[in-house]
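Structure first, commentary second.
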Amino acid sequence: ELFTFSTAKSVATIEYPNEASVKVWFNPQGGLRVVQKLDHRLIAWWEYYGEKKISLDPISPHEFVHDVSLAPDGKTVIFTLMNRGDIWTWNIETGQRRLLLEMLQGQWIPTCGPAVSPNNEIVAVGYGNIIKLLDFSSGGLIRELKTDVAHPVDVLAFNPKQPILASAGKEVVLWNSQTGEKIAECPLHSRSSVTDLAWNSDGSAFAVGLTDSIAKTWFLNNSKAEPTTFKHNFNNHNMRRNIKLGWWQDNTLLMGAGSKLYFYSMPLENKFTLS
């Protein structure tokens with residue numbers, strides 16, 4: 001569902017099969033990118049407004065797509081395979097697909113990612129508590145990052161303005177994506193799993209969503225301080241484990257689950273909903 005912020009009214013609806021998993025991006029060059037993962041075996045793409053559609057056949061009848069992301073160039077889809085852990089790219093304008101990194105069967109099983117840096121130079125994929133940083137063009141391994149906590153990394157997200165990668169599992173770690181240096185650690189103090197991590201558009205703040213219906217926010221220049229925490233009680237278990245976050249105008253946090261979308265203005269004093 002697409003809404004306008006000024007009126008909070010729906011302007012368009014995109015329908016897809018109930019069994020599909022869908023991700024949506026607004027393309028910086030204009031239009032809307034919708035990538036659908038159906039039965040983990042087929043990725044399809046549309047562009048609104050223009051009603052274009054292109055489909056990618058399965059890599060093999062026995063392979064399942066684990067996760068998918070769109071590069072900042074607005075035309076390259078990056079996806080990981082569940083069984084092998086391979087990383088592929090797919091140009092949705094030309095239809096060409098390319099194997100970026102090949103893994104041995106069962107050697108590395110992806111747990112999160114892929115995430116792509118804003119300059120389209122680095123791809124990050126999590127395999128347990130190890131994060132592989134790859135050259136976007138060649139697929140060559142740049143370096144590996146390892147968290148101190150054995151728990152798998154759940155989410156990866158690049159800062160849109162600075163060379164910083166955020167990884168979230170049992171804690172949030174900020175890394176210098178160019179040197180591999182650990183910049184900061186932000187404890188979550190929660191037994192819940194991370195559902196999402198989102199930077200605001202100027203890279204000054206980020207938010208982490210948890211399956212206990214809690215979202216925590218930090219400002220980059222004060223990441224060692226206690227986060228701002230707020231909670232909305234989503235009664236449905238499927239809603240709680242699918243909480244997604246976003247930002248509007250850098251100071252308004254969006255928290256969505258199911259058919260509800262909540263807006264929290266920083267410092268989270270006002271709230272209104274779309275449903």
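Ordering of the structure tokens sets the chain letters (A, B, ...); residue numbers start at 1 within each chain; ligands are numbered from 1 in the order shown.
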
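Residues in contact range of Leu81 in chain A, defined as at most 8 Å between only C-alpha atoms, with sequence neighbours fewer than 4 positions away removed, read Glu63, Phe64, Val65, His66, Asp67, Gly85, Asp86, Ile87 and Pro110 of chain A.
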
Distance table requested - range 154-181 of chain A against range 141-149 of chain A, cut-off 12 Å, only C-alpha atoms: one row per qualifying residue with the closest atom pair and its distance in Å to one decimal, ordered by chain and rising residue number, as JSON lines.
{"residue": "A:Asp154", "atom": "CA", "partner": "A:Thr147", "partner_atom": "CA", "distance": 11.9}
{"residue": "A:Leu165", "atom": "CA", "partner": "A:Leu145", "partner_atom": "CA", "distance": 10.6}
{"residue": "A:Ala166", "atom": "CA", "partner": "A:Thr147", "partner_atom": "CA", "distance": 11.4}
{"residue": "A:Ser167", "atom": "CA", "partner": "A:Thr147", "partner_atom": "CA", "distance": 8.8}
{"residue": "A:Ala168", "atom": "CA", "partner": "A:Thr147", "partner_atom": "CA", "distance": 9.7}
{"residue": "A:Gly169", "atom": "CA", "partner": "A:Val149", "partner_atom": "CA", "distance": 8.4}
{"residue": "A:Lys170", "atom": "CA", "partner": "A:Val149", "partner_atom": "CA", "distance": 7.2}
{"residue": "A:Glu171", "atom": "CA", "partner": "A:Val149", "partner_atom": "CA", "distance": 8.1}
{"residue": "A:Val172", "atom": "CA", "partner": "A:Thr147", "partner_atom": "CA", "distance": 9.6}
{"residue": "A:Val173", "atom": "CA", "partner": "A:Thr147", "partner_atom": "CA", "distance": 7.8}
{"residue": "A:Leu174", "atom": "CA", "partner": "A:Thr147", "partner_atom": "CA", "distance": 10.5}
{"residue": "A:Trp175", "atom": "CA", "partner": "A:Leu145", "partner_atom": "CA", "distance": 8.6}
{"residue": "A:Asn176", "atom": "CA", "partner": "A:Leu145", "partner_atom": "CA", "distance": 10.3}
{"residue": "A:Ser177", "atom": "CA", "partner": "A:Arg143", "partner_atom": "CA", "distance": 9.4}
{"residue": "A:Gln178", "atom": "CA", "partner": "A:Ile142", "partner_atom": "CA", "distance": 9.2}
{"residue": "A:Thr179", "atom": "CA", "partner": "A:Arg143", "partner_atom": "CA", "distance": 8.8}
{"residue": "A:Gly180", "atom": "CA", "partner": "A:Leu145", "partner_atom": "CA", "distance": 6.6}
{"residue": "A:Glu181", "atom": "CA", "partner": "A:Leu145", "partner_atom": "CA", "distance": 8.8}

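Take the candidates A:Ser201, A:Ser213, A:Leu2, A:Pro227 and check each one against Asp250 in chain A using only C-alpha atoms; the shortest distance goes to A:Ser201.
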
Tell me, which residues of range 59-274 of chain A carry DSSP helix (DSSP H, G or I), written as a PDB file with N, CA, C and O atoms, in the first residue's frame?
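Produced file selection-v9.pdb, reproduced below:
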ATOM      1  N   LEU A 220      24.238   8.703  16.184  1.00  0.00           N
ATOM      2  CA  LEU A 220      25.583   8.254  15.860  1.00  0.00           C
ATOM      3  C   LEU A 220      26.645   8.974  16.676  1.00  0.00           C
ATOM      4  O   LEU A 220      27.644   8.380  17.073  1.00  0.00           O
ATOM      5  N   ASN A 221      26.442  10.251  16.957  1.00  0.00           N
ATOM      6  CA  ASN A 221      27.458  11.000  17.707  1.00  0.00           C
ATOM      7  C   ASN A 221      27.414  10.724  19.203  1.00  0.00           C
ATOM      8  O   ASN A 221      28.197  11.289  19.964  1.00  0.00           O
ATOM      9  N   ASN A 222      26.478   9.837  19.616  1.00  0.00           N
ATOM     10  CA  ASN A 222      26.376   9.492  21.033  1.00  0.00           C
ATOM     11  C   ASN A 222      25.929   8.044  21.176  1.00  0.00           C
ATOM     12  O   ASN A 222      25.017   7.726  21.935  1.00  0.00           O
ATOM     13  N   HIS A 237       1.805 -12.911  17.067  1.00  0.00           N
ATOM     14  CA  HIS A 237       3.212 -13.330  17.033  1.00  0.00           C
ATOM     15  C   HIS A 237       3.840 -13.056  15.671  1.00  0.00           C
ATOM     16  O   HIS A 237       4.984 -12.594  15.589  1.00  0.00           O
ATOM     17  N   ASN A 238       3.107 -13.328  14.595  1.00  0.00           N
ATOM     18  CA  ASN A 238       3.652 -13.094  13.250  1.00  0.00           C
ATOM     19  C   ASN A 238       3.922 -11.613  13.009  1.00  0.00           C
ATOM     20  O   ASN A 238       4.872 -11.253  12.308  1.00  0.00           O
ATOM     21  N   MET A 239       3.103 -10.744  13.595  1.00  0.00           N
ATOM     22  CA  MET A 239       3.340  -9.316  13.457  1.00  0.00           C
ATOM     23  C   MET A 239       4.614  -8.911  14.187  1.00  0.00           C
ATOM     24  O   MET A 239       5.431  -8.149  13.683  1.00  0.00           O
ATOM     25  N   ARG A 240       4.802  -9.448  15.390  1.00  0.00           N
ATOM     26  CA  ARG A 240       5.976  -9.073  16.192  1.00  0.00           C
ATOM     27  C   ARG A 240       7.271  -9.497  15.513  1.00  0.00           C
ATOM     28  O   ARG A 240       8.266  -8.774  15.560  1.00  0.00           O
TER      29      ARG A 240
END

Residue nearest Trp108 in chain A - candidates A:Ser192, A:Thr94, A:Asn83, A:Thr89, atoms counted: only C-alpha atoms: A:Asn83

- line: Pairwise distance, CA of Ala124 in chain A with CA of Glu185 in chain A, equals 18.4 Å

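Note that the spacing between CA of Ile214 in chain A and CA of Ser193 in chain A amounts to 10.6 Å.
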
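For the pair CA of Leu133 in chain A and CA of Trp25 in chain A, the separation is 22.7 Å.
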
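Using only C-alpha atoms for every distance, the candidate list A:Leu100, A:Ile183, A:Val116, A:Ile243 yields A:Ile243 as the residue closest to Thr211 in chain A.
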